[in-house]
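Undergrad: Supplied in structure tokens, the structure appears directly below.
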Amino acid sequence: MEPSSQMHHYELIGSNTSPYSRKMLAILRYRRLPYIWRIRHPATLPFEIAGEPRLMPMLRVPGSTRFESDSTLLAHMLEARHGDRSIIPPDAAAAFLCHLIEDFADEWCTKCMFYFRWGELETAMFASRFVISDLSPGLDPQSRDLAVREFFDRQRGRMELVGCAPPNDALIEAHFEEILNALKSLGGADRYLFGTRPSLADFAIYGQLTQLVLDPSPQSRVREVAPIIENWVCRLDDASGVEGEWQDAVYPATEAQLALLRMIGRSYLPFLAANATAIEAGHPGIRMIIDGHPFSQPVFKYQVKCYREILRRWSTLGEHDQNELAPLLSETGCLPHLRTQS
């Protein structure tokens, strides 16, 4: 890149097949920030400008020589740098809900994406070809076929690690349909979780859905259960022309908010709590029942960090905002998991 271009543009490194890359790309577009989008694996970046960990996406701010990663941290960095077209609701109570739903999308809804992408042979082969073609378009046919097969085997082998192997399939399939129905209740492609402008929570869900409306197996589910979602994803892909408003307050909660918070209270927060407890006790995995379905997964240290951040945000809310949210969070089953360690 030319030095003059570096000075005035963000540079985003990622892939079209990465839900978190698509999340950040859509945020940059919505915020009308100048950027350069490079499809490239972060592992190929020089260490002195990337460091560790090498995760998609990676973002370099104008004038900087170093890339940073973690889509949530990057989104909040943009919030700190730019006042216009914020993606965090200005109301503190709504901002907490926004963060909670964003974390749910990044860490739990991604199980739907991974399960449907890699669980079925035909879809897994489609996705493997897409990933390799996206990241390594210059490979000769023989090298490409070898890379596709290796990636196919690698990703299929990670199903248990990310909590997407049997017996978790019934729960994941049920939750995918529940998520679609929740978003369908928004009522249109120009409606979002916190008003008529998109929030960080919307962009996090969007990121996962960019893959689910692309891959053959989940795409057919979307078109059957909630065809409007495909249009919602397409429009949010570039929302630079959206001029919307935040909802006035968190009450009354919308049908979509209630549906997602109920899922979080029944599944995601109990999972985070169980994961943290298992790690503290030195156990290698967790086994629990969620919505009447068995769920098991090896422990995951990063999600302890996620839980701590949710608890931190709850504990730092003012008393007025906690009291305002308490009835909603109690009704949806979230509150006990916020007060346990707060």
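Starting from 1 in every chain, residues are counted up; chains themselves are A, B, ... following the order of the structure tokens, and ligands are numbered from 1 as listed.
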Identify, on the basis of only C-alpha atoms, every residue whose closest approach to range 152-165 of chain A does not exceed 6 Å; exclude the query and any residue fewer than 5 positions from it along the same chain; express the result as number ranges by chain.

TA: A: 115, 118, 128, 297

Undergrad: Which residues in range 52-202 of chain A does DSSP call alpha helix (DSSP H)? List them as number ranges by chain.

TA: A: 71-81, 92-104, 110-118, 121-135, 141-156, 169-184, 200-202

Undergrad: Which one of A:Val250, A:Ala256, A:Ala80, A:Ile39 sits closest to Pro137 in chain A if you count only C-alpha atoms?

TA: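 Comparing A:Val250, A:Ala256, A:Ala80, A:Ile39 against Pro137 in chain A, the winner is A:Ile39.
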
Undergrad: Can you pull out the residues contacting range 245-249 of chain A? Cut-off 8 Å, using only C-alpha atoms, and skip same-chain residues under 3 positions away; I want them as a PyMOL selection string.

TA: chain A and resi 89+91+94+194-197+252

Undergrad: Measuring atom to atom with only C-alpha atoms, identify which of A:Pro218, A:Pro46, A:Pro336, A:Gly244 is nearest to Ala273 in chain A.

TA: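 Under the stated criterion, the closest residue is A:Pro336.
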
Undergrad: Extract, using only C-alpha atoms, all DNA, RNA and protein residues at most 12 Å from range 134-136 of chain A, discarding same-chain residues fewer than 5 positions from it, and format them as a list in words.

TA: Ile13, Gly14, Ser15, Asn16, Thr17, Ser18, Arg38, Ile39, Arg40, His41, Pro42, Ala43, Thr44, Met56, Ala127, Ser128, Arg129, Pro141, Ser143, Arg144, Asp145, Ala147, Val148 and Phe151 of chain A

Undergrad: Mind dumping the selected residues with N, CA and C atoms as a tab-separated table (two decimals), in the first residue's frame?

TA:
chain	number	residue	atom	x	y	z
A	13	ILE	N	-8.03	-6.78	7.09
A	13	ILE	CA	-7.59	-8.06	6.56
A	13	ILE	C	-8.57	-9.14	7.02
A	14	GLY	N	-9.06	-9.94	6.08
A	14	GLY	CA	-9.99	-11.00	6.46
A	14	GLY	C	-10.40	-11.84	5.28
A	15	SER	N	-11.57	-12.42	5.38
A	15	SER	CA	-12.07	-13.32	4.34
A	15	SER	C	-13.58	-13.20	4.24
A	16	ASN	N	-14.10	-13.41	3.04
A	16	ASN	CA	-15.55	-13.42	2.85
A	16	ASN	C	-16.22	-14.57	3.58
A	17	THR	N	-15.45	-15.59	3.93
A	17	THR	CA	-16.01	-16.76	4.62
A	17	THR	C	-15.83	-16.67	6.13
A	18	SER	N	-15.39	-15.52	6.62
A	18	SER	CA	-15.23	-15.29	8.06
A	18	SER	C	-16.37	-14.41	8.56
A	38	ARG	N	-8.76	-6.23	2.27
A	38	ARG	CA	-7.85	-7.19	1.67
A	38	ARG	C	-8.22	-8.60	2.12
A	39	ILE	N	-8.49	-9.45	1.17
A	39	ILE	CA	-8.79	-10.85	1.47
A	39	ILE	C	-7.46	-11.58	1.58
A	40	ARG	N	-7.14	-11.95	2.80
A	40	ARG	CA	-5.82	-12.53	3.07
A	40	ARG	C	-5.86	-13.18	4.44
A	41	HIS	N	-5.14	-14.26	4.60
A	41	HIS	CA	-5.09	-14.91	5.90
A	41	HIS	C	-4.11	-14.15	6.79
A	42	PRO	N	-4.51	-13.78	8.02
A	42	PRO	CA	-3.60	-13.04	8.92
A	42	PRO	C	-2.29	-13.75	9.19
A	43	ALA	N	-2.28	-15.07	9.07
A	43	ALA	CA	-1.05	-15.83	9.35
A	43	ALA	C	0.07	-15.46	8.40
A	44	THR	N	-0.27	-14.87	7.24
A	44	THR	CA	0.75	-14.52	6.26
A	44	THR	C	1.33	-13.12	6.51
A	56	MET	N	-8.79	-13.60	12.33
A	56	MET	CA	-9.61	-12.77	11.45
A	56	MET	C	-10.74	-12.15	12.26
A	127	ALA	N	-18.26	-25.43	1.33
A	127	ALA	CA	-17.59	-24.41	2.14
A	127	ALA	C	-16.08	-24.50	2.01
A	128	SER	N	-15.53	-25.71	1.99
A	128	SER	CA	-14.08	-25.88	1.85
A	128	SER	C	-13.58	-25.29	0.54
A	129	ARG	N	-14.31	-25.56	-0.54
A	129	ARG	CA	-13.91	-24.98	-1.83
A	129	ARG	C	-13.99	-23.46	-1.79
A	141	PRO	N	-4.95	-26.24	-10.06
A	141	PRO	CA	-6.04	-27.16	-9.72
A	141	PRO	C	-5.65	-28.28	-8.76
A	143	SER	N	-3.12	-28.38	-6.54
A	143	SER	CA	-2.85	-27.82	-5.21
A	143	SER	C	-4.14	-27.37	-4.54
A	144	ARG	N	-5.05	-26.81	-5.33
A	144	ARG	CA	-6.31	-26.37	-4.76
A	144	ARG	C	-7.12	-27.55	-4.22
A	145	ASP	N	-7.17	-28.63	-5.00
A	145	ASP	CA	-7.93	-29.81	-4.56
A	145	ASP	C	-7.33	-30.38	-3.27
A	147	ALA	N	-5.60	-28.69	-0.98
A	147	ALA	CA	-5.89	-27.74	0.10
A	147	ALA	C	-7.34	-27.84	0.54
A	148	VAL	N	-8.24	-28.04	-0.40
A	148	VAL	CA	-9.67	-28.18	-0.07
A	148	VAL	C	-9.88	-29.41	0.80
A	151	PHE	N	-8.44	-28.85	4.33
A	151	PHE	CA	-9.26	-27.93	5.12
A	151	PHE	C	-10.56	-28.60	5.53

Undergrad: Within 9 Å of Leu328 in chain A, counting only C-alpha atoms, which residues show up once you throw out same-chain ones fewer than 5 positions away? Write them as a PyMOL selection string, please.

TA: chain A and resi 250-251+253+258+261+333-335

Undergrad: Of the residues A:Leu193, A:Ala75, A:Met113, A:Ile88, which is the one nearest to Gly207 in chain A, using only C-alpha atoms?

TA: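 That would be A:Met113, the residue with the smallest distance to Gly207 in chain A.
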